[in-house]
Structure formats: C-alpha cells, structure tokens
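These notes concern the structure reproduced below.
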Amino acid sequence: MSNTAQTLAGKRIAALLDENSFVEIGGSITARNTDFNMAKADTPADGVITGYGVIDGSLVYVYSQDASVLGGTIGEMHAKKITGIYDLAMKMGAPVIGLIDCAGLRLQEATDALNAFGEIYAKQALASGVIPQITAIFGTCGGGLAIVPGLTDFTFMEEKNAKLFVNSPNALDGNTKEKCDTAAAKFQSEEAGLVDFTGSESEVLAGIRQLVGLLPANNEDDMSYEECADDLNRVCADLANCVGDTSILLGQIADDNVFVETKAAYAKEMVTGFLRLNGQTVGAVANRTEVYDAEGKKTATYDAVLTKRGATKAAEFVQFCDAFSIPVLSLTNVKGFKADMHSERGIAKAVARLTYAFAEATVPKVNVIIGAAYGSAYTAMNSKAIGADMTYAWPTAEIGTMDAKLAAKIMYADADAATINEKAAEYAALQTSAASAAKRGYVDAVIDACDTRKYVIGAFEMLFTKREDRPAKKHGTV
C-alpha cells in the first residue's frame with residue numbers, strides 16, 4: 001500500500017472496508033500531461049486511490065478521490081484508474097464503490113480530461129444491471145461529475161460539507177445559495193431525489209456496509225442470503241395499526257425488524273427499500289399515507305394516491321430489483337392519482353413506467369392489499385393483472401373501481417339518500433370487498449394482518465425457483 005493510505009481519501013477506504021483488507025492498485029501512477037507547468041506538479045496516485053478489499057468478507061472494488069492532489073480533479077490517468085477498477089469488477093462480478101471528493105474536470109488536460117469523463121460514463125453504462133454501483137459524496141461533485149452518481153444504483157451524501165450539482169446554486173437564474181442551496185444534501189435528497197441516504201461521514205460509511213450486505217454481488221451470483229434466527233411464523237399483533245406508515249409495517253414483518261429504506265426523504269408517499277424474509281433479501285414497494293418519527297409522533301399525512309415522483313421512484317427501484325434477481329413485495333393502499341396541474345404534466349408517463357416495471361419484472365412478485373385498491377392506480381401497483389404471482393388482502397381491504405358510495409351516486413343519480421346508502425352497501429359487498437375479489441380469483445387469499453409475515457415468507461419460498469420468459473427483443477422503450 002502506498003503512502004496515499006494516510007490521506008483523507010485513504011482513511012475513508014480504511015473505515016469502509018474490513019480491517020487491513022484493502023489492496024491498492026496503481027498507487028505509483030501519476031499524471032502524464034506536461035502542459036501548463038504540470039511537469040512540476042506532484043500528483044501522487046493522480047488524485048484517486050483505487051483497489052479492492054472486503055466488506056463482511058465479500059469482495060468489493062473501491063476508488064476514493066484525493067482532494068489534496070489538484071483538487072481531486074479528473075484527468076486522463078485518473079480516469080484510467082477508475083475504469084480499470086470497473087474492468088476488474090465486471091470480470092469478478094463484484095460491486096464498485098466510488099468515494100467522491102473532486103473539483104471536476106482537470107482544466108490543464110482539456111480534451112484528454114473531457115474524454116476521460118466519457119470513458120467513466122461508458123464503463124458505468126456497461127456495468128449497469130451487471131454489478132451493483134454505489135457512490136458516496138464527501139466533498140464537491142459538480143458539473144459533468146454529477147452524472148456519475150446519476151449512473152449508479154445508490155447514492156450516499158455527507159450531510160454538511162458535500163456538494164452535488166450540475167450548475168452551482170448561484171448560476172441558476174433568479175437563485176442564490178442563500179435563497180436555495182440546490183447543491184446541499186437536503187435539496188438533493190428531498191427535492192431532486194438523486195440521493196438515497198444522507199448522514200455524517202461515519203454514518204455514510206456504515207450505511208454502505210449495511211447496503212452491501214443486503215445486495216447480491218452481481219446479476220448472476222447471488223450472495224444476498226443469510227441464516228434466519230427470527231421466527232418464520234412470528235405473529236405481528238399490531239400490524240393493522242401500521243397501515244398508514246408502511247415503513248414501520250415493513251420493519252415489523254422483516255427478519256429481526258430491520259428495514260433499510262431507500263430515498264427515504266424523497267416522495268415520502270411511496271416507500272422503497274430492502275428487508276430480509278427468512279434470510280433472503282427482498283425489495284419492498286409500498287404506498288404510505290402517514291409518517292411517524294422515532295418517538296411515535298405523526299409528522300406528515302398524504303392522500304392515498306399515486307404521484308409522479310412516487311411512481312418514478314418505485315419504477316426505478318423495481319427495475320433495479322429485477323436486474324439483480326431480488327424478489328419484490330408490494331403493499332397496496334391507493335385510491336387514484338394525484339390531481340393537480342404539476343402532477344398532470346407527467347403523471348401518465350410516470351405511472352406507465354411503474355406499470356411497465358412491474359409487468360416486465362420476472363422476479364418473484366407478491367402483493368398484499370392492506371387498504372384501498374381502486375381503479376387503474378391499483379392495477380399499476382403490482383396487481384395480479386400485470387403479473388403479481390401471489391396476491392393477498394387483509395379482511396378490511398377494498399378492491400374495485402372506486403369508493404362504493406361514489407359508485408352508487410353515479411349509478412343511481414336521481415335516487416334519494418336512503419336508496420343511495422342501501423345501494424352503496426350492496427355494491428361494497430358485491431364489488432369492493434376482499435371476499436368478492438377472492439371469489440373472482442383476483443386475490444389468492446384473504447389473510448389476517450397479523451399473519452402477513454408468515455404468508456409472504458411462504459409465498460417467496462414457493463416462488464424461489466420461478467422461471468418466466470419475455471418476448472425476444474433488444475430492450476423495451478418505456
């Protein structure tokens with residue numbers, strides 16, 4: 001290991017990996033360019049430490065940019081080191097983790113540096129869906145470098161000092177950093193939705209270790225399993241009370257009550273994340289109408305509707321799970337689509353992407369209807385019609401085109417209130433109850449809420465060897 005290990009970039013690698021497991025590659029490489037006095041510049045490791053190591057015994061490849069060397073800027077040799085790590089990771093089938101702290105493109109190398117950016121993008125594109133890619137931003141990640149986390153699967157960001165932007169806040173028309181810091185972790189996680197996790201530097205590194213432990217090493221060799229010490233038939237007595245905040249619900253049914261939520265600050269009306277069920281990693285997608293903090297205080301409420309942001313967030317997550325053969329569990333509680341001018345600009349395309357993601361996915365898919373399931377919004381949420389392998393419903397679930405009373409008002413527009421109430425009750429029993437959906441085969445079983453863990457574990461065990469083909473094509477276009 002070179003003396004670069006003593007830099008901040010090297011210390012980050014040491015804190016991330018298992019103790020003494022890091023092996024540096026290319027530690028003697030320096031910049032080749034000699035223009036603009038570069039010949040006199042000392043560029044140890046050309047501003048990026050690259051190599052491999054293990055996290056809880058699993059092989060990973062890492063690059064960590066060194067801001068003390070020309071600001072960590074990317075030039076020709078800097079990029080070759082990163083792309084070299086990608087080549088090895090693709091051959092070996094192991095994740096790549098990038099620790100970003102970079103002033104951007106190295107101006108002294110001009111077109112060589114510009115080409116270097118493109119080479120990194122190309123490797124990321126080739127690796128997408130083959131090996132997990134994780135980015136963590138500790139310093140500056142601006143301009144063209146911001147595309148790098150956009151091309152990876154998961155992005156972490158240090159909450160105080162890290163900056164992520166294409167255009168800096170002061171370069172935006174009508175904006176200043178003081179008015180809205182668009183480069184801050186808060187904006188990028190809550191508004192842009194590019195960042196999955198935020199926290200202190202130590203929390204970010206610990207979060208990466210936890211995430212790597214949940215993910216398969218690549219798209220063929222699945223190592224995302226562990227022994228389960230939790231009771232597979234554990235009854236979750238209070239689960240019905242968690243129908244509003246499904247992040248809590250997922251934590252309740254997970255092995256050892258551990259649920260790792262992704263993009264938790266973005267589109268909070270849609271929950272995505274990972275849990276283990278009988279030791280197997282499962283991806284979860286769930287509608288949410290309430291948010292509670294760690295003290296049990298309600299902090300936000302949402303309508304039971306699909307939104308543009310929520311649908312896009314869920315679609316991207318399902319596509320990741322399908323690419324890496326991670327089974328998908330969905331919890332459905334939705335009555336329709338968000339209705340406002342902003343949403344209408346993109347809701348149709350966003351829900352189309354969600355529908356496509358579920359329909360195209362060939363992994364095991366289980367849906368549990370925990371509340372309302374109305375109209376096309378329900379159809380898009382992993383319904384049996386678009387490919388759910390098993391569908392369960394709680395006894396209180398409502399499944400149909402719309403609320404029973406509203407349907408009665410439409411069908412009996414001229415009737416009095418007593419008649420409408422009578423017809424609404426009749427419609428609810430015949431058309432919107434979980435029992436009526438089960439009679440028609442749209443629900444496989446009506447289950448008590450407290451038994452949800454037992455049933456979904458059983459379903460995924462049954463579906464473990466699932467094989468399903470799709471029509472031959474180069475790729476879809478949705």
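To be explicit about the labels: the chains of the structure tokens are called A, B, and onward in the order shown, and within each one the residues are counted from 1, while ligands get numbers from 1 in the order they are shown.
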Item to check | Distance query Ala438 in chain A at most 12 Å, only C-alpha atoms, self and fewer than 2 positions along chain excluded, as a count of residues only | outcome: 27
Next on the checklist: DSSP on the backbone: which residues in range 175-311 of chain A end up as helix (DSSP H, G or I)? Give the answer as a PyMOL selection string.
Outcome noted: chain A and resi 185-192+201-214+239-242+246-253+255-257+308-311
Checklist entry - Skipping near chain neighbours, those fewer than 6 positions away, what residues fall within 6 Å of range 184-197 of chain A using only C-alpha atoms, listed as an NGL selection string? => result :A and (155-156 or 159 or 163 or 262-263 or 265-266)
Checklist entry - Leaving out range 238-254 of chain A and any residue of its chain fewer than 2 positions from it, which residues lie within 10 Å of it when counting only C-alpha atoms, given as a PyMOL selection string? => result chain A and resi 230+232+234-236+256-261+264+268-279+281-282+284-293+298+300-302+304+329+331-333+370-371+394+396+448-454+456-457
May I have all residues of range 189-303 of chain A that DSSP, computed from the backbone, assigns to strand (DSSP E or B), given as a short mmCIF file (atom, residue, chain, number, x, y, z; two decimals) with C-alpha atoms, in the first residue's frame?
data_model
loop_
_atom_site.label_atom_id
_atom_site.label_comp_id
_atom_site.auth_asym_id
_atom_site.auth_seq_id
_atom_site.Cartn_x
_atom_site.Cartn_y
_atom_site.Cartn_z
CA PHE A 197 -29.07 8.30 2.04
CA THR A 198 -27.62 11.25 3.95
CA GLY A 199 -25.72 11.47 7.23
CA TYR A 225 -28.72 -14.66 1.83
CA PHE A 259 -35.86 -2.47 7.11
CA VAL A 260 -33.46 -0.29 5.10
CA GLU A 261 -35.41 2.44 3.31
CA THR A 262 -34.02 3.97 0.11
CA MET A 270 -44.12 5.90 -1.68
CA VAL A 271 -41.83 3.66 0.37
CA THR A 272 -39.00 1.67 -1.21
CA GLY A 273 -36.29 -0.34 0.48
CA PHE A 274 -34.82 -3.70 1.44
CA LEU A 275 -35.62 -6.24 4.13
CA ARG A 276 -34.83 -9.86 4.77
CA LEU A 277 -37.51 -12.52 4.92
CA GLN A 280 -33.48 -13.68 1.77
CA THR A 281 -33.16 -10.07 0.61
CA VAL A 282 -36.48 -8.74 -0.69
CA GLY A 283 -37.19 -5.37 -2.28
CA ALA A 284 -40.30 -3.60 -0.98
CA VAL A 285 -42.57 -1.02 -2.61
CA ALA A 286 -45.45 0.39 -0.57
CA ASN A 287 -47.96 3.23 -0.60
CA GLU A 290 -48.73 8.76 7.25
CA VAL A 291 -45.22 9.36 8.55
CA TYR A 292 -44.23 8.83 12.19
CA LYS A 298 -47.11 11.82 13.35
CA THR A 299 -45.10 14.26 11.22
CA ALA A 300 -46.90 14.14 7.84
CA THR A 301 -50.01 12.84 6.12
#
Next on the checklist: Can you measure CA of Lys123 in chain A to CA of Ala361 in chain A for me? One decimal in Å is fine.
Outcome noted: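 A separation of 24.5 Å between them.
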Next on the checklist: I'd like to know which of A:Phe138, A:Phe337, A:Tyr374, A:Tyr455 is closest to Asp66 in chain A, using only C-alpha atoms.
Outcome noted: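 The answer is A:Phe138, which sits nearest to Asp66 in chain A.
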Checklist entry - Smallest atom-to-atom distance to Val305 in chain A: which of A:Cys141, A:Val334, A:Cys321, A:Met157, using only C-alpha atoms? => result A:Val334
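The interatomic distance for the pair CA of Ala146 in chain A and CA of Ala352 in chain A works out to 27.0 Å.
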Checklist entry - Using only C-alpha atoms, which residue out of A:Phe320, A:Pro216, A:His78, A:Ile100 lies closest to Asp153 in chain A? => result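 Nearest candidate to Asp153 in chain A out of A:Phe320, A:Pro216, A:His78, A:Ile100: A:Phe320.
Of the listed residues A:Ala45, A:Ala350, A:Leu17, A:Ile74, the one whose atoms come nearest to Arg209 in chain A is A:Leu17, with distances taken using only C-alpha atoms.
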Checklist entry - Hey, what's within 10 Å of Leu126 in chain A if we count only C-alpha atoms and toss same-chain stuff fewer than 5 positions away? As a ChimeraX atom specification, please? => result /A:86-87,90,121,131
Item to check | Pick from A:Ala373, A:Glu316, A:Pro149, A:Ser343 nearest to Phe358 in chain A, counting only C-alpha atoms | outcome: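 Result for the nearest residue to Phe358 in chain A: A:Glu316.
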Next on the checklist: I'd like the interatomic distance between CA of Ala323 in chain A and CA of Ala136 in chain A, to a tenth of an Å.
Outcome noted: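 Computed distance, CA of Ala323 in chain A to CA of Ala136 in chain A, equals 21.7 Å.
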Item to check | Top pick for closest residue to Ala116 in chain A, considering A:Lys80, A:Arg309, A:Arg12, A:Lys338 and counting only C-alpha atoms | outcome: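 Ranking A:Lys80, A:Arg309, A:Arg12, A:Lys338 by distance to Ala116 in chain A, first place goes to A:Lys80.
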Item to check | Test item: residues at most 7 Å from range 18-20 of chain A, only C-alpha atoms, excluding those fewer than 4 positions along its chain, as an MDAnalysis selection string | outcome: chainID A and resid 14 54:56
Next on the checklist: At a cut-off of 9 Å, using only C-alpha atoms, what residues contact Ser58 in chain A? Leave out same-chain residues fewer than 4 positions from it and give the result as a list in words.
Outcome noted: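 My list of contacting residues is Gly53, Val54, Ala94, Val212, Gly213, Ala217 and Met223 of chain A.
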